[in-house]
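Containing mmCIF, C-alpha atoms: coords.cif.
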data_structure
#
loop_
_atom_site.label_atom_id
_atom_site.label_comp_id
_atom_site.auth_asym_id
_atom_site.auth_seq_id
_atom_site.Cartn_x
_atom_site.Cartn_y
_atom_site.Cartn_z
CA MET A 1 -84.76 63.49 -54.29
CA LYS A 2 -85.48 63.79 -50.57
CA LYS A 3 -81.88 62.82 -49.74
CA LEU A 4 -80.54 65.43 -52.16
CA GLY A 5 -82.73 68.07 -50.50
CA LEU A 6 -81.48 67.15 -47.04
CA ARG A 7 -77.86 67.25 -48.21
CA ARG A 8 -78.39 70.65 -49.85
CA ASN A 9 -79.97 72.00 -46.64
CA LEU A 10 -76.99 70.80 -44.62
CA GLU A 11 -74.55 72.43 -47.03
CA LEU A 12 -76.45 75.74 -46.76
CA HIS A 13 -76.53 75.43 -42.98
CA VAL A 14 -72.75 74.93 -42.83
CA TYR A 15 -72.30 77.77 -45.33
CA ASP A 16 -74.30 80.12 -43.09
CA ILE A 17 -72.26 79.12 -40.03
CA ILE A 18 -68.88 79.68 -41.70
CA LYS A 19 -70.06 82.98 -43.20
CA SER A 20 -71.24 84.12 -39.77
CA LEU A 21 -67.87 83.22 -38.27
CA ILE A 22 -66.23 85.46 -40.86
CA MET A 23 -68.75 88.26 -40.29
CA ASP A 24 -68.25 88.02 -36.52
CA ARG A 25 -64.48 88.15 -36.97
CA LYS A 26 -63.94 84.72 -35.42
CA TYR A 27 -62.04 84.07 -38.63
CA MET A 28 -59.86 87.02 -39.58
CA PRO A 29 -58.52 87.85 -43.05
CA GLY A 30 -55.67 85.50 -43.88
CA ASP A 31 -56.72 82.87 -41.32
CA GLN A 32 -56.67 79.24 -42.42
CA ILE A 33 -59.94 77.36 -42.06
CA SER A 34 -59.43 73.87 -40.71
CA ILE A 35 -61.90 71.39 -42.17
CA SER A 36 -61.12 68.82 -39.46
CA GLN A 37 -61.77 71.42 -36.75
CA LEU A 38 -65.09 72.36 -38.32
CA GLN A 39 -66.02 68.67 -38.50
CA ALA A 40 -65.39 68.35 -34.78
CA ASP A 41 -67.16 71.62 -33.89
CA LEU A 42 -70.21 71.11 -36.11
CA GLY A 43 -70.52 67.33 -35.94
CA VAL A 44 -70.83 66.94 -39.70
CA SER A 45 -68.88 65.06 -42.36
CA ARG A 46 -66.24 66.59 -44.59
CA THR A 47 -68.46 66.82 -47.70
CA PRO A 48 -70.91 69.60 -46.64
CA ILE A 49 -67.98 71.65 -45.31
CA VAL A 50 -66.09 71.37 -48.58
CA MET A 51 -69.22 72.29 -50.55
CA ALA A 52 -69.87 75.27 -48.27
CA LEU A 53 -66.29 76.47 -48.75
CA LYS A 54 -66.70 76.21 -52.52
CA MET A 55 -69.81 78.41 -52.28
CA LEU A 56 -67.89 80.95 -50.21
CA GLU A 57 -65.03 80.85 -52.69
CA LYS A 58 -67.46 81.80 -55.47
CA GLU A 59 -68.42 84.81 -53.34
CA MET A 60 -64.71 85.66 -53.08
CA LEU A 61 -64.69 85.26 -49.29
CA ILE A 62 -62.49 82.15 -49.29
CA LYS A 63 -59.31 81.49 -51.23
CA THR A 64 -58.17 77.91 -51.78
CA LYS A 65 -54.43 77.38 -52.06
CA PRO A 66 -53.43 74.09 -53.71
CA ARG A 67 -51.94 71.61 -51.23
CA ARG A 68 -52.15 74.22 -48.46
CA GLY A 69 -55.85 74.55 -47.67
CA HIS A 70 -58.61 77.15 -47.40
CA TYR A 71 -58.01 80.70 -46.21
CA VAL A 72 -60.20 83.72 -45.47
CA ARG A 73 -59.55 86.08 -48.33
CA THR A 74 -57.87 89.44 -47.78
CA PHE A 75 -58.92 92.51 -49.74
CA THR A 76 -56.93 95.53 -50.85
CA LYS A 77 -58.07 99.06 -50.05
CA ARG A 78 -58.83 99.55 -53.73
CA GLU A 79 -61.19 96.57 -53.67
CA ILE A 80 -62.86 97.84 -50.50
CA ILE A 81 -63.36 101.26 -52.10
CA ASN A 82 -65.10 99.58 -55.05
CA VAL A 83 -67.33 97.59 -52.68
CA LEU A 84 -68.23 100.72 -50.70
CA GLU A 85 -69.25 102.42 -53.94
CA LEU A 86 -71.58 99.53 -54.72
CA ARG A 87 -72.92 99.58 -51.16
CA GLU A 88 -73.62 103.30 -51.41
CA ALA A 89 -75.82 102.79 -54.46
CA LEU A 90 -77.59 99.74 -53.02
CA GLU A 91 -78.21 101.09 -49.54
CA ALA A 92 -79.34 104.51 -50.76
CA VAL A 93 -82.05 102.80 -52.81
CA GLY A 94 -82.75 100.54 -49.83
CA ALA A 95 -83.21 103.46 -47.43
CA ARG A 96 -85.69 105.11 -49.80
CA GLY A 97 -87.56 101.82 -50.22
CA ALA A 98 -87.61 101.22 -46.47
CA ALA A 99 -89.15 104.67 -45.89
CA ARG A 100 -91.88 103.81 -48.40
CA ARG A 101 -92.63 100.28 -47.18
CA ILE A 102 -92.00 100.31 -43.43
CA THR A 103 -94.85 99.16 -41.18
CA GLU A 104 -95.68 100.35 -37.67
CA SER A 105 -94.23 97.21 -36.11
CA GLN A 106 -91.07 97.58 -38.19
CA MET A 107 -90.77 101.20 -37.07
CA LYS A 108 -90.83 100.03 -33.48
CA LYS A 109 -87.99 97.59 -34.11
CA LEU A 110 -85.96 100.14 -36.10
CA LYS A 111 -86.26 102.68 -33.29
CA GLY A 112 -84.85 100.08 -30.92
CA PHE A 113 -81.43 100.14 -32.59
CA PHE A 114 -78.61 101.98 -30.78
CA LYS A 115 -80.49 102.27 -27.49
CA ASN A 116 -78.07 102.61 -24.56
CA VAL A 117 -75.01 102.07 -26.74
CA ASN A 118 -71.63 103.26 -25.52
CA VAL A 119 -69.51 104.80 -28.28
CA GLU A 120 -66.69 105.84 -25.96
CA GLY A 121 -66.30 102.54 -24.15
CA ASP A 122 -63.76 99.76 -24.08
CA PRO A 123 -63.25 97.36 -27.01
CA ARG A 124 -66.06 95.11 -25.78
CA ALA A 125 -68.52 98.02 -25.82
CA LEU A 126 -67.38 98.99 -29.30
CA ALA A 127 -67.76 95.38 -30.44
CA ALA A 128 -71.36 95.51 -29.22
CA TYR A 129 -71.88 98.70 -31.22
CA ALA A 130 -70.40 96.97 -34.28
CA LYS A 131 -72.99 94.21 -33.94
CA GLU A 132 -75.75 96.81 -33.66
CA ASP A 133 -74.39 98.65 -36.70
CA GLN A 134 -74.38 95.45 -38.73
CA GLY A 135 -77.93 94.57 -37.65
CA PHE A 136 -79.17 98.08 -38.43
CA HIS A 137 -77.98 98.04 -42.04
CA GLU A 138 -79.24 94.49 -42.55
CA TYR A 139 -82.67 95.39 -41.17
CA ILE A 140 -83.07 98.39 -43.48
CA MET A 141 -82.38 96.09 -46.44
CA GLU A 142 -84.88 93.58 -45.09
CA VAL A 143 -87.57 96.26 -44.76
CA ALA A 144 -86.73 97.61 -48.21
CA GLY A 145 -86.97 94.43 -50.21
CA GLY A 146 -86.92 91.25 -48.19
CA GLU A 147 -84.59 88.34 -48.93
CA VAL A 148 -83.33 89.53 -52.33
CA PHE A 149 -82.10 92.88 -51.00
CA SER A 150 -80.70 91.23 -47.87
CA ARG A 151 -78.66 88.63 -49.75
CA VAL A 152 -77.15 91.13 -52.18
CA PHE A 153 -76.39 93.48 -49.30
CA LYS A 154 -74.66 90.77 -47.24
CA ALA A 155 -72.43 89.84 -50.18
CA TYR A 156 -71.06 93.41 -50.17
CA ALA A 157 -71.30 94.20 -46.48
CA ILE A 158 -69.17 91.31 -45.26
CA VAL A 159 -66.11 92.90 -46.87
CA THR A 160 -66.43 96.23 -45.08
CA PHE A 161 -67.73 94.82 -41.79
CA THR A 162 -64.88 92.36 -41.55
CA TYR A 163 -61.81 93.50 -43.39
CA HIS A 164 -60.94 96.89 -41.89
CA ALA A 165 -59.43 96.40 -38.45
CA ASP A 166 -57.85 99.76 -37.58
CA LEU A 167 -60.54 100.27 -34.93
CA PRO A 168 -62.07 97.70 -32.54
CA GLY A 169 -65.02 96.04 -34.24
CA GLY A 170 -63.66 96.63 -37.74
CA PHE A 171 -65.19 100.10 -38.13
CA VAL A 172 -64.49 102.25 -41.15
CA ARG A 173 -65.14 105.36 -39.01
CA HIS A 174 -65.38 105.70 -35.25
CA PRO A 175 -68.86 105.20 -33.71
CA ARG A 176 -68.81 108.70 -32.23
CA GLU A 177 -69.04 109.94 -35.84
CA THR A 178 -71.61 107.48 -37.11
CA ILE A 179 -74.07 107.18 -34.22
CA TRP A 180 -75.78 110.46 -35.10
CA GLU A 181 -75.96 109.55 -38.76
CA HIS A 182 -77.71 106.29 -37.84
CA LEU A 183 -80.20 108.06 -35.59
CA ASP A 184 -80.99 110.63 -38.31
CA MET A 185 -81.63 107.80 -40.78
CA ILE A 186 -83.97 106.07 -38.35
CA GLU A 187 -85.93 109.31 -37.95
CA ALA A 188 -86.17 109.89 -41.71
CA ILE A 189 -87.30 106.33 -42.45
CA CYS A 190 -89.87 106.34 -39.66
CA ASN A 191 -91.17 109.69 -40.95
CA ARG A 192 -91.50 108.03 -44.38
CA ASP A 193 -89.24 110.70 -45.84
CA GLY A 194 -87.65 108.74 -48.68
CA ASP A 195 -85.70 111.67 -50.13
CA ARG A 196 -84.03 112.44 -46.80
CA ALA A 197 -83.43 108.77 -45.96
CA GLU A 198 -81.70 108.20 -49.30
CA ALA A 199 -79.58 111.35 -49.01
CA LEU A 200 -78.50 110.51 -45.45
CA MET A 201 -77.57 106.95 -46.35
CA ARG A 202 -75.67 108.08 -49.43
CA ARG A 203 -73.68 110.58 -47.35
CA HIS A 204 -73.06 107.99 -44.61
CA MET A 205 -71.59 105.52 -47.07
CA ARG A 206 -69.69 108.16 -49.06
CA LEU A 207 -67.82 109.39 -45.97
CA GLY A 208 -66.57 105.87 -45.27
CA ARG A 209 -65.44 105.46 -48.86
CA GLU A 210 -63.66 108.81 -48.82
CA LYS A 211 -61.70 107.73 -45.75
CA PHE A 212 -60.41 104.68 -47.60
CA ILE A 213 -59.52 106.82 -50.62
CA LYS A 214 -57.46 109.15 -48.42
CA GLU A 215 -55.70 106.18 -46.80
CA LEU A 216 -54.92 104.69 -50.22
CA GLU A 217 -53.61 108.01 -51.55
CA LYS A 218 -51.40 108.38 -48.47
CA GLU A 219 -49.98 104.87 -48.96
CA GLU A 220 -49.29 105.52 -52.64
CA GLN A 221 -47.54 108.82 -51.84
CA MET A 222 -45.31 107.04 -49.34
CA LYS A 223 -44.24 104.58 -52.04
CA THR A 224 -43.15 107.32 -54.44
#
Spell out the structure here as structure tokens.
Amino acid sequence: MKKLGLRRNLELHVYDIIKSLIMDRKYMPGDQISISQLQADLGVSRTPIVMALKMLEKEMLIKTKPRRGHYVRTFTKREIINVLELREALEAVGARGAARRITESQMKKLKGFFKNVNVEGDPRALAAYAKEDQGFHEYIMEVAGGEVFSRVFKAYAIVTFTYHADLPGGFVRHPRETIWEHLDMIEAICNRDGDRAEALMRRHMRLGREKFIKELEKEEQMKT
């Protein structure tokens, strides 16, 4: 039993690493994932890598092509729109819950997000903002409901954080639009104003979804 536990822990560890590589855009949509390269990089055998890839395939992040290998899955705009709708519902509830449950120490950490960020900078500065953006949304889910909220959130968030590459960092909207929305949400949550926090988060997510809908409509019009 002890051996099985150790093997399972290794598989989860490899799973977390590969998922992080996708989240951090080290693997881009459509990229092939080399098992032999991961073996060399991680210093593990083939088995935990294969098992980790199977877990990611169940989450629809990896697509296995027979006799060709494993690839990071690509998503259509329609699929992203559906995910953003789910995220809107989840994160709106999460923002309200965070406002109700947040502690003084958590407030301090939340207020630390987006300090000295540069939303007009070069791609490296925008990539740093993207990391902050990702951490901000993850932390609200953590405050709202711990591991359960965080895991469900990450399953949805990875699609929108990773798969829209029109702007550096994979943003749905430019940081100069979203920075103020983030700061308003921080204020509402720290003021324990659940109604306002939920409304702000819902609007924040809806605007991103509406952008995708407009892009999809434009593409469909061009086809006709």
**Report entry** Residues within 12 Å of stretch 32-45 of chain A, only C-alpha atoms, excluding chain neighbours under 2 positions, as a VMD selection string
**Finding:** chain A and resid 7 10 to 11 13 to 15 17 to 19 21 to 22 26 to 30 47 to 53 56 61 to 65 68 to 74
Just the selected residues (C-alpha atoms), exported as a tab-separated table (two decimals), in the coordinates of the input, please.
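Contents of the output file result.tsv:
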chain	number	residue	atom	x	y	z
A	7	ARG	CA	-77.86	67.25	-48.21
A	10	LEU	CA	-76.99	70.80	-44.62
A	11	GLU	CA	-74.55	72.43	-47.03
A	13	HIS	CA	-76.53	75.43	-42.98
A	14	VAL	CA	-72.75	74.93	-42.83
A	15	TYR	CA	-72.30	77.77	-45.33
A	17	ILE	CA	-72.26	79.12	-40.03
A	18	ILE	CA	-68.88	79.68	-41.70
A	19	LYS	CA	-70.06	82.98	-43.20
A	21	LEU	CA	-67.87	83.22	-38.27
A	22	ILE	CA	-66.23	85.46	-40.86
A	26	LYS	CA	-63.94	84.72	-35.42
A	27	TYR	CA	-62.04	84.07	-38.63
A	28	MET	CA	-59.86	87.02	-39.58
A	29	PRO	CA	-58.52	87.85	-43.05
A	30	GLY	CA	-55.67	85.50	-43.88
A	47	THR	CA	-68.46	66.82	-47.70
A	48	PRO	CA	-70.91	69.60	-46.64
A	49	ILE	CA	-67.98	71.65	-45.31
A	50	VAL	CA	-66.09	71.37	-48.58
A	51	MET	CA	-69.22	72.29	-50.55
A	52	ALA	CA	-69.87	75.27	-48.27
A	53	LEU	CA	-66.29	76.47	-48.75
A	56	LEU	CA	-67.89	80.95	-50.21
A	61	LEU	CA	-64.69	85.26	-49.29
A	62	ILE	CA	-62.49	82.15	-49.29
A	63	LYS	CA	-59.31	81.49	-51.23
A	64	THR	CA	-58.17	77.91	-51.78
A	65	LYS	CA	-54.43	77.38	-52.06
A	68	ARG	CA	-52.15	74.22	-48.46
A	69	GLY	CA	-55.85	74.55	-47.67
A	70	HIS	CA	-58.61	77.15	-47.40
A	71	TYR	CA	-58.01	80.70	-46.21
A	72	VAL	CA	-60.20	83.72	-45.47
A	73	ARG	CA	-59.55	86.08	-48.33
A	74	THR	CA	-57.87	89.44	-47.78
Report task. Tell me which protein, DNA and RNA residues are within 10 Å of A:Ala89, counting all atoms listed in the file, leaving out same-chain ones fewer than 3 positions away, and put them as a PyMOL selection string. Result -> chain A and resi 84-86+92-94+198+201-202+205-206
**Report entry** Residue members of the PyMOL selection byres ((chain A and resi 107) around 10) in the file shown, as a PyMOL selection string
**Finding:** chain A and resi 98-99+102-106+108-112+143+186-187+189-191
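The coordinates place atom CA of A:Gly208 at 14.5 Å from atom CA of A:Trp180.
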Query - Between atom CA of A:Ile140 and atom CA of A:Leu207 - distance in Å to one decimal - result: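 Result for atom CA of A:Leu207 versus atom CA of A:Ile140: 19.0 Å, one decimal.
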Report summary line: Separating atom CA of A:Gly146 from atom CA of A:Gln134, to the nearest tenth of an Å, is a gap of 16.3 Å
Query - Residues selected by the PyMOL selection byres ((chain A and resi 153) around 9), written as a list in words - result: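 Applied to this file, the PyMOL selection byres ((chain A and resi 153) around 9) selects Arg87, Leu90, Glu91, His137, Glu138, Met141, Val148, Phe149, Ser150, Arg151, Val152, Lys154, Ala155, Tyr156, Ala157 and Ile158 of chain A.
Closest approach to A:Glu217 from the set A:Val172, A:Arg78, A:Leu126, A:Leu183 is made by A:Arg78, with distances taken over all atoms listed in the file.
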Report task. Tell me which of A:Glu147, A:Asp133, A:Asp193, A:Glu219 sits closest to A:Arg100, counting all atoms listed in the file. Result ->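 Of all the options, A:Asp193 lies closest to A:Arg100.
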Report task. Please evaluate the PyMOL selection byres ((chain A and resi 179) around 10) against the displayed coordinates and give the resulting residues as a PyMOL selection string. Result -> chain A and resi 114+117-119+129+133+174-178+180-184
Using the atoms already present, construct N, CA, C and O atoms for stretch 23-35 of chain A and hand them back as a PDB file, in the coordinates of the input.
ATOM      1  N   MET A  23     -68.105  86.981 -40.600  1.00  0.00           N
ATOM      2  CA  MET A  23     -68.750  88.260 -40.290  1.00  0.00           C
ATOM      3  C   MET A  23     -68.473  88.694 -38.861  1.00  0.00           C
ATOM      4  O   MET A  23     -68.271  89.876 -38.575  1.00  0.00           O
ATOM      5  N   ASP A  24     -68.461  87.725 -37.940  1.00  0.00           N
ATOM      6  CA  ASP A  24     -68.250  88.020 -36.520  1.00  0.00           C
ATOM      7  C   ASP A  24     -66.777  88.104 -36.141  1.00  0.00           C
ATOM      8  O   ASP A  24     -66.432  88.192 -34.974  1.00  0.00           O
ATOM      9  N   ARG A  25     -65.914  87.997 -37.158  1.00  0.00           N
ATOM     10  CA  ARG A  25     -64.480  88.150 -36.970  1.00  0.00           C
ATOM     11  C   ARG A  25     -63.866  87.046 -36.102  1.00  0.00           C
ATOM     12  O   ARG A  25     -62.822  87.231 -35.475  1.00  0.00           O
ATOM     13  N   LYS A  26     -64.547  85.894 -36.064  1.00  0.00           N
ATOM     14  CA  LYS A  26     -63.940  84.720 -35.420  1.00  0.00           C
ATOM     15  C   LYS A  26     -62.837  84.181 -36.326  1.00  0.00           C
ATOM     16  O   LYS A  26     -61.853  83.629 -35.862  1.00  0.00           O
ATOM     17  N   TYR A  27     -63.073  84.306 -37.634  1.00  0.00           N
ATOM     18  CA  TYR A  27     -62.040  84.070 -38.630  1.00  0.00           C
ATOM     19  C   TYR A  27     -61.634  85.436 -39.165  1.00  0.00           C
ATOM     20  O   TYR A  27     -62.471  86.181 -39.675  1.00  0.00           O
ATOM     21  N   MET A  28     -60.357  85.739 -39.095  1.00  0.00           N
ATOM     22  CA  MET A  28     -59.860  87.020 -39.580  1.00  0.00           C
ATOM     23  C   MET A  28     -59.248  86.852 -40.979  1.00  0.00           C
ATOM     24  O   MET A  28     -58.897  85.735 -41.379  1.00  0.00           O
ATOM     25  N   PRO A  29     -59.136  87.951 -41.732  1.00  0.00           N
ATOM     26  CA  PRO A  29     -58.520  87.850 -43.050  1.00  0.00           C
ATOM     27  C   PRO A  29     -57.143  87.191 -42.984  1.00  0.00           C
ATOM     28  O   PRO A  29     -56.320  87.522 -42.135  1.00  0.00           O
ATOM     29  N   GLY A  30     -56.934  86.220 -43.859  1.00  0.00           N
ATOM     30  CA  GLY A  30     -55.670  85.500 -43.880  1.00  0.00           C
ATOM     31  C   GLY A  30     -55.667  84.241 -43.044  1.00  0.00           C
ATOM     32  O   GLY A  30     -54.766  83.404 -43.174  1.00  0.00           O
ATOM     33  N   ASP A  31     -56.667  84.074 -42.160  1.00  0.00           N
ATOM     34  CA  ASP A  31     -56.720  82.870 -41.320  1.00  0.00           C
ATOM     35  C   ASP A  31     -57.005  81.629 -42.157  1.00  0.00           C
ATOM     36  O   ASP A  31     -57.796  81.671 -43.103  1.00  0.00           O
ATOM     37  N   GLN A  32     -56.363  80.515 -41.772  1.00  0.00           N
ATOM     38  CA  GLN A  32     -56.670  79.240 -42.420  1.00  0.00           C
ATOM     39  C   GLN A  32     -57.883  78.631 -41.756  1.00  0.00           C
ATOM     40  O   GLN A  32     -58.069  78.710 -40.538  1.00  0.00           O
ATOM     41  N   ILE A  33     -58.739  78.032 -42.566  1.00  0.00           N
ATOM     42  CA  ILE A  33     -59.940  77.360 -42.060  1.00  0.00           C
ATOM     43  C   ILE A  33     -59.672  75.861 -42.054  1.00  0.00           C
ATOM     44  O   ILE A  33     -59.442  75.259 -43.105  1.00  0.00           O
ATOM     45  N   SER A  34     -59.700  75.289 -40.863  1.00  0.00           N
ATOM     46  CA  SER A  34     -59.430  73.870 -40.710  1.00  0.00           C
ATOM     47  C   SER A  34     -60.721  73.065 -40.900  1.00  0.00           C
ATOM     48  O   SER A  34     -61.674  73.213 -40.125  1.00  0.00           O
ATOM     49  N   ILE A  35     -60.730  72.221 -41.925  1.00  0.00           N
ATOM     50  CA  ILE A  35     -61.900  71.390 -42.170  1.00  0.00           C
ATOM     51  C   ILE A  35     -62.097  70.388 -41.030  1.00  0.00           C
ATOM     52  O   ILE A  35     -63.222  70.162 -40.568  1.00  0.00           O
TER      53      ILE A  35
END
